[in-house]
>>> print(open('entry_7.cif').read())   # mmCIF, C-alpha atoms and all ligand atoms
data_query
#
loop_
_atom_site.group_PDB
_atom_site.id
_atom_site.type_symbol
_atom_site.label_atom_id
_atom_site.label_comp_id
_atom_site.auth_asym_id
_atom_site.auth_seq_id
_atom_site.Cartn_x
_atom_site.Cartn_y
_atom_site.Cartn_z
ATOM 1 C CA MET P 1 -41.528 33.072 178.493
ATOM 2 C CA THR P 2 -42.257 29.626 177.137
ATOM 3 C CA GLU P 3 -42.939 26.546 179.209
ATOM 4 C CA ILE P 4 -40.621 24.652 176.852
ATOM 5 C CA LYS P 5 -37.281 24.244 178.582
ATOM 6 C CA GLN P 6 -35.173 22.554 175.971
ATOM 7 C CA LEU P 7 -34.790 20.484 172.803
ATOM 8 C CA GLY P 8 -34.842 17.036 174.392
ATOM 9 C CA TYR P 9 -34.482 14.573 171.530
ATOM 10 C CA LEU P 10 -34.589 14.107 167.769
ATOM 11 C CA GLY P 11 -35.857 11.006 165.974
ATOM 12 C CA PHE P 12 -34.675 9.920 162.526
ATOM 13 C CA GLU P 13 -35.928 7.214 160.190
ATOM 14 C CA VAL P 14 -32.895 5.827 158.351
ATOM 15 C CA ALA P 15 -32.348 3.308 155.543
ATOM 16 C CA ASP P 16 -28.892 2.155 156.628
ATOM 17 C CA LEU P 17 -28.912 1.337 160.338
ATOM 18 C CA LYS P 18 -25.404 -0.105 160.298
ATOM 19 C CA ALA P 19 -23.954 3.055 158.789
ATOM 20 C CA TRP P 20 -25.776 5.129 161.421
ATOM 21 C CA GLU P 21 -24.443 2.945 164.243
ATOM 22 C CA HIS P 22 -20.894 3.499 163.098
ATOM 23 C CA PHE P 23 -21.415 7.186 162.330
ATOM 24 C CA THR P 24 -23.068 8.113 165.620
ATOM 25 C CA THR P 25 -20.738 6.182 167.908
ATOM 26 C CA ASP P 26 -17.340 6.199 166.167
ATOM 27 C CA VAL P 27 -17.521 9.561 164.344
ATOM 28 C CA LEU P 28 -19.772 11.729 166.556
ATOM 29 C CA GLY P 29 -18.857 10.006 169.813
ATOM 30 C CA LEU P 30 -22.389 9.305 171.093
ATOM 31 C CA GLY P 31 -23.247 6.256 173.196
ATOM 32 C CA GLN P 32 -25.971 3.685 172.534
ATOM 33 C CA SER P 33 -28.460 3.533 175.392
ATOM 34 C CA GLN P 34 -31.345 1.411 174.132
ATOM 35 C CA HIS P 35 -31.942 -1.203 171.433
ATOM 36 C CA PHE P 36 -35.363 -1.735 169.887
ATOM 37 C CA ALA P 37 -36.782 -5.032 168.588
ATOM 38 C CA ASN P 38 -36.931 -3.647 165.029
ATOM 39 C CA GLY P 39 -33.175 -2.998 164.933
ATOM 40 C CA GLY P 40 -33.436 0.677 165.849
ATOM 41 C CA PHE P 41 -31.534 2.206 168.729
ATOM 42 C CA ALA P 42 -31.334 5.235 171.014
ATOM 43 C CA LEU P 43 -28.275 7.338 171.781
ATOM 44 C CA ARG P 44 -27.098 9.518 174.628
ATOM 45 C CA LEU P 45 -24.522 12.285 174.936
ATOM 46 C CA ASP P 46 -25.059 13.516 178.497
ATOM 47 C CA GLU P 47 -26.976 12.547 181.629
ATOM 48 C CA TYR P 48 -30.191 12.067 179.651
ATOM 49 C CA GLN P 49 -31.012 8.445 178.878
ATOM 50 C CA GLN P 50 -31.683 9.287 175.237
ATOM 51 C CA ARG P 51 -31.109 12.230 172.939
ATOM 52 C CA PHE P 52 -31.498 10.545 169.531
ATOM 53 C CA ILE P 53 -33.878 7.811 168.412
ATOM 54 C CA ILE P 54 -32.809 6.023 165.222
ATOM 55 C CA GLN P 55 -35.471 3.842 163.590
ATOM 56 C CA PRO P 56 -35.313 1.773 160.392
ATOM 57 C CA GLY P 57 -37.256 3.077 157.372
ATOM 58 C CA GLN P 58 -36.918 4.663 153.982
ATOM 59 C CA ALA P 59 -37.500 8.327 154.891
ATOM 60 C CA ASP P 60 -33.842 9.132 155.649
ATOM 61 C CA ASP P 61 -35.160 12.189 157.409
ATOM 62 C CA LEU P 62 -36.302 13.724 160.681
ATOM 63 C CA VAL P 63 -39.515 12.124 161.966
ATOM 64 C CA CYS P 64 -39.959 13.441 165.496
ATOM 65 C CA VAL P 65 -38.799 16.190 167.825
ATOM 66 C CA GLY P 66 -39.000 16.024 171.628
ATOM 67 C CA LEU P 67 -39.556 19.291 173.531
ATOM 68 C CA GLU P 68 -39.258 19.216 177.307
ATOM 69 C CA VAL P 69 -41.480 20.969 179.826
ATOM 70 C CA GLU P 70 -41.306 20.898 183.632
ATOM 71 C CA ASN P 71 -44.517 19.103 184.555
ATOM 72 C CA LYS P 72 -48.116 18.244 183.685
ATOM 73 C CA GLU P 73 -49.337 21.846 184.141
ATOM 74 C CA ALA P 74 -46.744 23.164 181.723
ATOM 75 C CA LEU P 75 -47.625 20.432 179.211
ATOM 76 C CA THR P 76 -51.311 21.351 179.473
ATOM 77 C CA ALA P 77 -50.521 25.043 178.920
ATOM 78 C CA VAL P 78 -48.541 24.373 175.717
ATOM 79 C CA ILE P 79 -51.040 21.854 174.378
ATOM 80 C CA SER P 80 -53.975 24.218 175.026
ATOM 81 C CA ARG P 81 -52.339 26.788 172.743
ATOM 82 C CA VAL P 82 -51.656 24.126 170.087
ATOM 83 C CA GLN P 83 -55.328 23.097 170.167
ATOM 84 C CA ALA P 84 -56.460 26.725 170.104
ATOM 85 C CA ALA P 85 -54.427 27.090 166.895
ATOM 86 C CA GLY P 86 -56.639 24.387 165.371
ATOM 87 C CA ILE P 87 -54.068 21.601 165.467
ATOM 88 C CA ALA P 88 -55.109 18.073 166.477
ATOM 89 C CA VAL P 89 -53.162 16.525 169.356
ATOM 90 C CA GLY P 90 -52.733 12.925 170.482
ATOM 91 C CA GLU P 91 -51.878 11.450 173.863
ATOM 92 C CA GLY P 92 -48.705 9.366 173.778
ATOM 93 C CA ASP P 93 -49.730 5.772 174.562
ATOM 94 C CA SER P 94 -47.802 3.606 177.006
ATOM 95 C CA LYS P 95 -45.711 2.053 174.201
ATOM 96 C CA LEU P 96 -44.545 5.452 172.942
ATOM 97 C CA VAL P 97 -43.951 6.755 176.466
ATOM 98 C CA GLU P 98 -41.844 3.676 177.208
ATOM 99 C CA GLN P 99 -39.862 4.054 173.988
ATOM 100 C CA ARG P 100 -39.214 7.741 174.594
ATOM 101 C CA GLN P 101 -38.180 7.098 178.226
ATOM 102 C CA VAL P 102 -40.355 9.919 179.602
ATOM 103 C CA GLU P 103 -43.181 10.164 182.127
ATOM 104 C CA ALA P 104 -45.835 11.489 179.725
ATOM 105 C CA LEU P 105 -46.070 13.151 176.325
ATOM 106 C CA THR P 106 -48.521 14.670 173.857
ATOM 107 C CA THR P 107 -47.968 14.669 170.096
ATOM 108 C CA PHE P 108 -49.004 16.915 167.214
ATOM 109 C CA LYS P 109 -47.804 17.833 163.744
ATOM 110 C CA GLU P 110 -46.017 21.155 163.262
ATOM 111 C CA PRO P 111 -46.992 23.159 160.132
ATOM 112 C CA GLY P 112 -44.323 21.388 158.032
ATOM 113 C CA GLY P 113 -45.637 17.937 158.984
ATOM 114 C CA VAL P 114 -43.034 16.680 161.484
ATOM 115 C CA GLN P 115 -44.312 15.075 164.684
ATOM 116 C CA PHE P 116 -43.533 17.239 167.701
ATOM 117 C CA GLU P 117 -43.727 15.597 171.119
ATOM 118 C CA VAL P 118 -44.027 17.749 174.249
ATOM 119 C CA TYR P 119 -43.035 15.695 177.296
ATOM 120 C CA TYR P 120 -42.047 15.893 180.944
ATOM 121 C CA GLY P 121 -40.155 13.569 183.269
ATOM 122 C CA PRO P 122 -37.249 12.358 181.110
ATOM 123 C CA GLN P 123 -35.328 9.310 182.294
ATOM 124 C CA MET P 124 -31.797 10.096 183.410
ATOM 125 C CA ALA P 125 -29.033 7.536 182.963
ATOM 126 C CA ALA P 126 -27.664 5.684 185.978
ATOM 127 C CA GLU P 127 -24.063 6.392 184.999
ATOM 128 C CA PRO P 128 -22.404 9.667 183.890
ATOM 129 C CA PHE P 129 -21.731 9.771 180.157
ATOM 130 C CA GLN P 130 -18.191 9.328 178.906
ATOM 131 C CA SER P 131 -17.742 9.475 175.140
ATOM 132 C CA GLN P 132 -15.249 7.071 173.605
ATOM 133 C CA VAL P 133 -13.930 9.747 171.247
ATOM 134 C CA VAL P 134 -15.049 13.195 172.501
ATOM 135 C CA ALA P 135 -12.653 13.564 175.411
ATOM 136 C CA HIS P 136 -14.148 16.653 177.060
ATOM 137 C CA GLY P 137 -17.777 15.837 176.418
ATOM 138 C CA PHE P 138 -20.770 17.619 174.955
ATOM 139 C CA LYS P 139 -22.297 20.897 176.060
ATOM 140 C CA ALA P 140 -25.901 19.812 176.594
ATOM 141 C CA GLY P 141 -27.796 19.159 179.857
ATOM 142 C CA ALA P 142 -30.233 21.997 180.598
ATOM 143 C CA LEU P 143 -29.314 23.680 177.277
ATOM 144 C CA GLY P 144 -30.772 20.729 175.379
ATOM 145 C CA LEU P 145 -29.082 18.365 172.969
ATOM 146 C CA GLY P 146 -27.989 21.086 170.525
ATOM 147 C CA HIS P 147 -29.963 22.667 167.710
ATOM 148 C CA PHE P 148 -31.552 21.771 164.391
ATOM 149 C CA VAL P 149 -32.823 23.538 161.280
ATOM 150 C CA LEU P 150 -36.358 22.576 160.303
ATOM 151 C CA ARG P 151 -37.864 23.012 156.829
ATOM 152 C CA ALA P 152 -40.662 25.546 156.618
ATOM 153 C CA GLY P 153 -42.985 25.573 153.603
ATOM 154 C CA ASP P 154 -44.066 29.059 154.635
ATOM 155 C CA LEU P 155 -41.378 30.540 156.853
ATOM 156 C CA GLU P 156 -43.469 33.331 158.346
ATOM 157 C CA ALA P 157 -46.326 30.934 159.170
ATOM 158 C CA SER P 158 -43.958 28.418 160.772
ATOM 159 C CA LEU P 159 -42.184 31.180 162.704
ATOM 160 C CA LYS P 160 -45.522 32.437 164.001
ATOM 161 C CA PHE P 161 -46.347 28.905 165.160
ATOM 162 C CA VAL P 162 -42.982 28.404 166.883
ATOM 163 C CA THR P 163 -43.099 31.802 168.638
ATOM 164 C CA ASP P 164 -46.805 32.503 169.260
ATOM 165 C CA VAL P 165 -47.970 28.939 169.928
ATOM 166 C CA LEU P 166 -44.908 27.134 171.297
ATOM 167 C CA GLY P 167 -43.497 30.270 172.933
ATOM 168 C CA PHE P 168 -39.964 30.240 171.526
ATOM 169 C CA ARG P 169 -38.358 33.676 171.151
ATOM 170 C CA LEU P 170 -36.791 34.993 167.966
ATOM 171 C CA SER P 171 -32.991 35.236 168.362
ATOM 172 C CA ASP P 172 -32.154 36.771 164.983
ATOM 173 C CA ARG P 173 -32.321 36.095 161.265
ATOM 174 C CA ILE P 174 -29.872 35.582 158.414
ATOM 175 C CA ILE P 175 -31.042 36.808 155.024
ATOM 176 C CA CYS P 176 -28.555 36.816 152.136
ATOM 177 C CA ASP P 177 -27.726 35.403 148.712
ATOM 178 C CA ILE P 178 -24.967 32.859 148.344
ATOM 179 C CA GLY P 179 -24.026 31.758 144.835
ATOM 180 C CA GLY P 180 -27.478 32.496 143.448
ATOM 181 C CA TYR P 181 -29.213 30.753 146.354
ATOM 182 C CA HIS P 182 -31.451 32.895 148.560
ATOM 183 C CA VAL P 183 -30.888 32.141 152.246
ATOM 184 C CA ASN P 184 -33.586 33.096 154.736
ATOM 185 C CA ILE P 185 -33.249 31.521 158.181
ATOM 186 C CA ALA P 186 -35.017 32.445 161.430
ATOM 187 C CA PHE P 187 -33.325 31.363 164.687
ATOM 188 C CA THR P 188 -35.349 30.808 167.857
ATOM 189 C CA HIS P 189 -34.503 29.973 171.458
ATOM 190 C CA CYS P 190 -36.228 28.575 174.538
ATOM 191 C CA ASN P 191 -33.273 28.723 176.966
ATOM 192 C CA PRO P 192 -29.855 30.481 176.929
ATOM 193 C CA ARG P 193 -28.614 28.418 173.948
ATOM 194 C CA HIS P 194 -28.646 30.951 171.084
ATOM 195 C CA HIS P 195 -31.010 28.744 169.108
ATOM 196 C CA SER P 196 -32.490 25.318 169.619
ATOM 197 C CA LEU P 197 -34.764 25.482 166.588
ATOM 198 C CA ALA P 198 -34.110 27.366 163.361
ATOM 199 C CA LEU P 199 -36.410 27.540 160.345
ATOM 200 C CA GLY P 200 -35.252 27.498 156.722
ATOM 201 C CA GLU P 201 -37.001 27.578 153.367
ATOM 202 C CA LYS P 202 -36.740 25.405 150.255
ATOM 203 C CA LEU P 203 -34.919 22.529 151.917
ATOM 204 C CA PRO P 204 -34.923 19.059 150.301
ATOM 205 C CA LYS P 205 -35.681 17.288 153.599
ATOM 206 C CA HIS P 206 -37.520 18.166 156.823
ATOM 207 C CA ILE P 207 -34.140 18.756 158.450
ATOM 208 C CA HIS P 208 -31.161 20.643 157.058
ATOM 209 C CA HIS P 209 -28.804 19.755 159.913
ATOM 210 C CA PHE P 210 -28.555 19.110 163.609
ATOM 211 C CA MET P 211 -25.735 20.610 165.684
ATOM 212 C CA LEU P 212 -23.782 19.122 168.558
ATOM 213 C CA GLU P 213 -21.631 21.430 170.682
ATOM 214 C CA VAL P 214 -18.546 20.201 172.529
ATOM 215 C CA ASN P 215 -16.774 21.664 175.575
ATOM 216 C CA ASP P 216 -13.301 21.836 174.069
ATOM 217 C CA ILE P 217 -12.174 23.203 170.705
ATOM 218 C CA ASP P 218 -9.755 20.287 170.263
ATOM 219 C CA ASP P 219 -12.733 17.926 170.108
ATOM 220 C CA VAL P 220 -13.966 19.833 167.025
ATOM 221 C CA GLY P 221 -10.552 19.380 165.404
ATOM 222 C CA GLN P 222 -10.448 15.696 166.270
ATOM 223 C CA CYS P 223 -13.940 15.105 164.879
ATOM 224 C CA TRP P 224 -12.834 16.961 161.733
ATOM 225 C CA ASP P 225 -9.942 14.473 161.425
ATOM 226 C CA ARG P 226 -12.293 11.504 161.836
ATOM 227 C CA VAL P 227 -14.643 12.884 159.179
ATOM 228 C CA VAL P 228 -11.807 13.524 156.716
ATOM 229 C CA ASN P 229 -10.158 10.142 157.361
ATOM 230 C CA GLU P 230 -13.469 8.304 156.900
ATOM 231 C CA GLY P 231 -14.086 10.051 153.570
ATOM 232 C CA ILE P 232 -17.350 11.583 154.806
ATOM 233 C CA THR P 233 -18.637 14.354 152.529
ATOM 234 C CA VAL P 234 -17.821 17.764 153.990
ATOM 235 C CA TRP P 235 -20.158 20.618 153.032
ATOM 236 C CA ASN P 236 -18.538 23.464 154.938
ATOM 237 C CA ALA P 237 -15.019 23.510 156.322
ATOM 238 C CA ILE P 238 -14.322 25.093 159.694
ATOM 239 C CA GLY P 239 -15.664 28.628 160.162
ATOM 240 C CA ARG P 240 -17.565 30.880 162.555
ATOM 241 C CA HIS P 241 -21.150 32.124 162.332
ATOM 242 C CA PRO P 242 -21.868 35.803 163.037
ATOM 243 C CA ASN P 243 -25.020 35.275 165.101
ATOM 244 C CA ASP P 244 -24.428 32.336 167.473
ATOM 245 C CA ARG P 245 -20.645 32.693 167.031
ATOM 246 C CA MET P 246 -20.317 28.925 166.817
ATOM 247 C CA LEU P 247 -16.987 27.736 165.497
ATOM 248 C CA SER P 248 -17.971 24.667 163.516
ATOM 249 C CA PHE P 249 -17.902 22.559 160.379
ATOM 250 C CA TYR P 250 -20.647 20.764 158.433
ATOM 251 C CA ALA P 251 -20.581 17.280 156.965
ATOM 252 C CA GLU P 252 -23.071 14.681 155.756
ATOM 253 C CA THR P 253 -24.899 12.044 157.788
ATOM 254 C CA PRO P 254 -25.494 8.591 156.217
ATOM 255 C CA SER P 255 -29.025 9.834 155.361
ATOM 256 C CA GLY P 256 -27.898 12.754 153.190
ATOM 257 C CA PHE P 257 -28.855 15.604 155.519
ATOM 258 C CA GLN P 258 -26.068 17.341 157.399
ATOM 259 C CA PHE P 259 -24.682 17.658 160.889
ATOM 260 C CA GLU P 260 -22.757 20.569 162.394
ATOM 261 C CA PHE P 261 -20.073 19.958 164.997
ATOM 262 C CA GLY P 262 -19.175 23.055 166.972
ATOM 263 C CA TRP P 263 -17.684 24.823 169.951
ATOM 264 C CA GLY P 264 -17.964 28.247 171.570
ATOM 265 C CA GLY P 265 -21.580 29.187 170.883
ATOM 266 C CA ARG P 266 -22.841 32.315 172.603
ATOM 267 C CA GLU P 267 -25.751 32.331 175.006
ATOM 268 C CA ILE P 268 -28.709 34.674 175.343
ATOM 269 C CA LEU P 269 -28.820 35.410 179.066
ATOM 270 C CA ASP P 270 -31.281 38.299 179.160
ATOM 271 C CA ASP P 271 -34.134 38.579 176.696
ATOM 272 C CA ASP P 272 -34.949 42.108 177.837
ATOM 273 C CA THR P 273 -31.631 43.466 176.607
ATOM 274 C CA TRP P 274 -31.223 41.174 173.598
ATOM 275 C CA ASP P 275 -31.349 42.848 170.182
ATOM 276 C CA THR P 276 -32.756 40.848 167.310
ATOM 277 C CA TYR P 277 -30.507 41.502 164.325
ATOM 278 C CA VAL P 278 -30.877 40.555 160.689
ATOM 279 C CA TYR P 279 -27.453 39.385 159.494
ATOM 280 C CA ASP P 280 -26.452 39.644 155.832
ATOM 281 C CA ARG P 281 -23.995 36.743 155.890
ATOM 282 C CA ILE P 282 -23.861 33.116 157.048
ATOM 283 C CA SER P 283 -20.297 33.250 158.321
ATOM 284 C CA ASP P 284 -17.763 35.778 159.621
ATOM 285 C CA TRP P 285 -14.973 33.616 158.272
ATOM 286 C CA GLY P 286 -14.537 30.120 156.844
ATOM 287 C CA HIS P 287 -17.344 27.624 156.290
ATOM 288 C CA GLU P 288 -16.217 27.411 152.685
ATOM 289 C CA HIS P 289 -17.207 24.471 150.545
ATOM 290 C CA PRO P 290 -14.049 22.320 150.290
ATOM 291 C CA ALA P 291 -14.212 22.109 146.478
ATOM 292 C CA GLN P 292 -14.180 25.927 146.208
ATOM 293 C CA MET P 293 -11.459 26.189 148.808
ATOM 294 C CA PHE P 294 -9.180 23.641 147.153
ATOM 295 C CA LYS P 295 -9.733 25.270 143.753
ATOM 296 C CA LYS P 296 -8.386 28.554 145.157
ATOM 297 C CA MET P 297 -5.521 26.880 146.980
ATOM 298 C CA PHE P 298 -4.475 24.911 143.896
ATOM 299 C CA LYS P 299 -4.583 28.030 141.720
ATOM 300 C CA LYS P 300 -2.322 29.833 144.188
ATOM 301 C CA GLN P 301 0.187 26.982 144.227
ATOM 302 C CA LYS P 302 0.477 27.066 140.426
ATOM 303 C CA SER P 303 1.119 30.790 140.126
HETATM 304 FE FE FE U 401 -26.396 25.182 162.869
#
>>> encode(input="entry_7.cif", output="structure tokens", more="lines below")
Ligand SMILES: [Fe+2]
Amino acid sequence: MTEIKQLGYLGFEVADLKAWEHFTTDVLGLGQSQHFANGGFALRLDEYQQRFIIQPGQADDLVCVGLEVENKEALTAVISRVQAAGIAVGEGDSKLVEQRQVEALTTFKEPGGVQFEVYYGPQMAAEPFQSQVVAHGFKAGALGLGHFVLRAGDLEASLKFVTDVLGFRLSDRIICDIGGYHVNIAFTHCNPRHHSLALGEKLPKHIHHFMLEVNDIDDVGQCWDRVVNEGITVWNAIGRHPNDRMLSFYAETPSGFQFEFGWGGREILDDDTWDTYVYDRISDWGHEHPAQMFKKMFKKQKS
């Protein structure tokens, strides 16, 4: 059992702040909760004061990941294992603690180079969250903000770090070939959410995608409409994964990496009876690339 309770926040460095403001609030339905002097901003989607930290910069990529523990003792336990693995750690100074809206945190670099921040005492918002566009709200709270897929230079080494050092548990894996591309993803969990952190190989950026889960399937359909009407690049149309059983679609953020918007993910309620499968497919149905899908549909219409 890990001391880490949930994926608390993700931080991105983005070149086009204006595009991200519009995308996160009007398309995804998040709410801005803090503005920084440099033009950056923080976002919320539930009772937590902040779930995303968007900072200006040229990386257009993931720059930090917040992992929540219960208290100082739990933080010390995790950090002792990180140090025992030979990884340097740094105490979050008062400026960082203030920006992250937590009581205390310790930072270190995961094997792929992204800054991980283990914290306790997150600030909760004074008011309940009500999205302007996601009518029934996000499924988050104690399950964490959602999930993300992190690039691993050496998947087995990164998986060993995430499980042995951080204490996440392997949920399952997907290993298959799609259109000449070898897919090898390991999914890990730290609470009942099927996975909070997945690891993938040969990715162009540190992050492949982050996923937000909503409480009502209609909110997936309505986000799909917003994405299509805005002309946002869609990478995978609606479909369902075999492992977490999330019904979702994938489209592009203003920074080029993707987001997944989903509903209906399964939970792992008992690790003792959970079987760790290796799946040979990404999806049970759907998730087709729109260009391939339309090619087939057009061909059918002509015949
Ligand atoms: Fe996903």
>>> residues_near_point(input="entry_7.cif", point="(-24.6, 25.5, 178.7)", cutoff="10 Å", atoms="all atoms listed in the file", output="number ranges by chain")
P: 138-144, 146, 191-193, 213, 215, 265-267
>>> write_last_selection(input="entry_7.cif", atoms="C-alpha atoms", output="PDB file, keeping the file's coordinate frame")
ATOM      1  CA  PHE P 138     -20.770  17.619 174.955  1.00  0.00           C
ATOM      2  CA  LYS P 139     -22.297  20.897 176.060  1.00  0.00           C
ATOM      3  CA  ALA P 140     -25.901  19.812 176.594  1.00  0.00           C
ATOM      4  CA  GLY P 141     -27.796  19.159 179.857  1.00  0.00           C
ATOM      5  CA  ALA P 142     -30.233  21.997 180.598  1.00  0.00           C
ATOM      6  CA  LEU P 143     -29.314  23.680 177.277  1.00  0.00           C
ATOM      7  CA  GLY P 144     -30.772  20.729 175.379  1.00  0.00           C
ATOM      8  CA  GLY P 146     -27.989  21.086 170.525  1.00  0.00           C
ATOM      9  CA  ASN P 191     -33.273  28.723 176.966  1.00  0.00           C
ATOM     10  CA  PRO P 192     -29.855  30.481 176.929  1.00  0.00           C
ATOM     11  CA  ARG P 193     -28.614  28.418 173.948  1.00  0.00           C
ATOM     12  CA  GLU P 213     -21.631  21.430 170.682  1.00  0.00           C
ATOM     13  CA  ASN P 215     -16.774  21.664 175.575  1.00  0.00           C
ATOM     14  CA  GLY P 265     -21.580  29.187 170.883  1.00  0.00           C
ATOM     15  CA  ARG P 266     -22.841  32.315 172.603  1.00  0.00           C
ATOM     16  CA  GLU P 267     -25.751  32.331 175.006  1.00  0.00           C
TER      17      GLU P 267
END
>>> resolve_selection(input="entry_7.cif", expression="the PyMOL selection byres (((not hetatm)) within 12 of (chain U and resi 401))", output="ChimeraX atom specification")
/P:146-150,174,185-188,193-200,207-213,236,239-251,258-263,265,282-283,287
>>> residues_around(input="entry_7.cif", residues="Thr233 (chain P)", least_positions_apart="2", cutoff="12 Å", atoms="only C-alpha atoms", output="VMD selection string")
chain P and resid 224 226 to 231 235 to 237 249 to 259 289 to 291
>>> atom_distance(input="entry_7.cif", atom1="CA of Val214 (chain P)", atom2="CA of Gln50 (chain P)")
17.3 Å
>>> resolve_selection(input="entry_7.cif", expression="the PyMOL selection byres (((chain P and resi 114) around 10) and not hetatm)", output="short mmCIF file (atom, residue, chain, number, x, y, z; two decimals) with C-alpha atoms, in the frame of the given file")
data_model
loop_
_atom_site.label_atom_id
_atom_site.label_comp_id
_atom_site.auth_asym_id
_atom_site.auth_seq_id
_atom_site.Cartn_x
_atom_site.Cartn_y
_atom_site.Cartn_z
CA ASP P 61 -35.16 12.19 157.41
CA LEU P 62 -36.30 13.72 160.68
CA VAL P 63 -39.52 12.12 161.97
CA CYS P 64 -39.96 13.44 165.50
CA VAL P 65 -38.80 16.19 167.82
CA PHE P 108 -49.00 16.92 167.21
CA LYS P 109 -47.80 17.83 163.74
CA GLU P 110 -46.02 21.16 163.26
CA PRO P 111 -46.99 23.16 160.13
CA GLY P 112 -44.32 21.39 158.03
CA GLY P 113 -45.64 17.94 158.98
CA GLN P 115 -44.31 15.08 164.68
CA PHE P 116 -43.53 17.24 167.70
CA GLU P 117 -43.73 15.60 171.12
CA LEU P 150 -36.36 22.58 160.30
CA ARG P 151 -37.86 23.01 156.83
CA HIS P 206 -37.52 18.17 156.82
CA ILE P 207 -34.14 18.76 158.45
#
>>> closest_residue(input="entry_7.cif", among="P:His35, P:Lys299, P:Arg81, P:His22", to="Gly167 (chain P)", atoms="all atoms listed in the file")
P:Arg81
>>> residues_around(input="entry_7.cif", residues="Tyr277 (chain P)", least_positions_apart="6", cutoff="8 Å", atoms="all atoms listed in the file", output="CSV table (one decimal) with C-alpha atoms, keeping the file's coordinate frame")
chain,number,residue,atom,x,y,z
P,171,SER,CA,-33.0,35.2,168.4
P,172,ASP,CA,-32.2,36.8,165.0
P,173,ARG,CA,-32.3,36.1,161.3
>>> atom_distance(input="entry_7.cif", atom1="CA of Ala126 (chain P)", atom2="CA of Leu75 (chain P)")
25.7 Å
>>> atom_distance(input="entry_7.cif", atom1="CA of Gln55 (chain P)", atom2="CA of Leu166 (chain P)")
26.3 Å
>>> residues_around(input="entry_7.cif", residues="Pro56 (chain P)", least_positions_apart="6", cutoff="7 Å", atoms="all atoms listed in the file", output="ChimeraX atom specification")
/P:13-15,17,39-40
>>> build_atoms(input="entry_7.cif", residues="region 100-111 of chain P", atoms="N, CA, C and O atoms", output="mmCIF file, keeping the file's coordinate frame")
data_model
loop_
_atom_site.group_PDB
_atom_site.id
_atom_site.type_symbol
_atom_site.label_atom_id
_atom_site.label_comp_id
_atom_site.auth_asym_id
_atom_site.auth_seq_id
_atom_site.Cartn_x
_atom_site.Cartn_y
_atom_site.Cartn_z
ATOM 1 N N ARG P 100 -39.850 6.424 174.464
ATOM 2 C CA ARG P 100 -39.214 7.741 174.594
ATOM 3 C C ARG P 100 -38.546 7.941 175.952
ATOM 4 O O ARG P 100 -37.872 8.930 176.174
ATOM 5 N N GLN P 101 -38.802 7.020 176.894
ATOM 6 C CA GLN P 101 -38.180 7.098 178.226
ATOM 7 C C GLN P 101 -38.545 8.402 178.934
ATOM 8 O O GLN P 101 -37.677 9.124 179.433
ATOM 9 N N VAL P 102 -39.857 8.719 178.915
ATOM 10 C CA VAL P 102 -40.355 9.919 179.602
ATOM 11 C C VAL P 102 -41.567 9.532 180.443
ATOM 12 O O VAL P 102 -42.088 8.418 180.314
ATOM 13 N N GLU P 103 -42.033 10.464 181.267
ATOM 14 C CA GLU P 103 -43.181 10.164 182.127
ATOM 15 C C GLU P 103 -44.497 10.262 181.354
ATOM 16 O O GLU P 103 -45.396 9.451 181.527
ATOM 17 N N ALA P 104 -44.624 11.304 180.527
ATOM 18 C CA ALA P 104 -45.835 11.489 179.725
ATOM 19 C C ALA P 104 -45.512 12.396 178.556
ATOM 20 O O ALA P 104 -44.577 13.209 178.628
ATOM 21 N N LEU P 105 -46.283 12.257 177.476
ATOM 22 C CA LEU P 105 -46.070 13.151 176.325
ATOM 23 C C LEU P 105 -47.350 13.304 175.528
ATOM 24 O O LEU P 105 -48.247 12.459 175.589
ATOM 25 N N THR P 106 -47.418 14.405 174.783
ATOM 26 C CA THR P 106 -48.521 14.670 173.857
ATOM 27 C C THR P 106 -47.916 14.997 172.500
ATOM 28 O O THR P 106 -46.885 15.676 172.427
ATOM 29 N N THR P 107 -48.529 14.495 171.441
ATOM 30 C CA THR P 107 -47.968 14.669 170.096
ATOM 31 C C THR P 107 -48.873 15.538 169.227
ATOM 32 O O THR P 107 -50.085 15.612 169.447
ATOM 33 N N PHE P 108 -48.257 16.172 168.248
ATOM 34 C CA PHE P 108 -49.004 16.915 167.214
ATOM 35 C C PHE P 108 -48.066 17.146 166.047
ATOM 36 O O PHE P 108 -46.851 16.962 166.180
ATOM 37 N N LYS P 109 -48.632 17.550 164.920
ATOM 38 C CA LYS P 109 -47.804 17.833 163.744
ATOM 39 C C LYS P 109 -47.581 19.343 163.637
ATOM 40 O O LYS P 109 -48.540 20.119 163.673
ATOM 41 N N GLU P 110 -46.309 19.732 163.495
ATOM 42 C CA GLU P 110 -46.017 21.155 163.262
ATOM 43 C C GLU P 110 -46.424 21.496 161.827
ATOM 44 O O GLU P 110 -46.698 20.579 161.050
ATOM 45 N N PRO P 111 -46.457 22.785 161.453
ATOM 46 C CA PRO P 111 -46.992 23.159 160.132
ATOM 47 C C PRO P 111 -46.306 22.460 158.953
ATOM 48 O O PRO P 111 -46.926 22.217 157.920
#
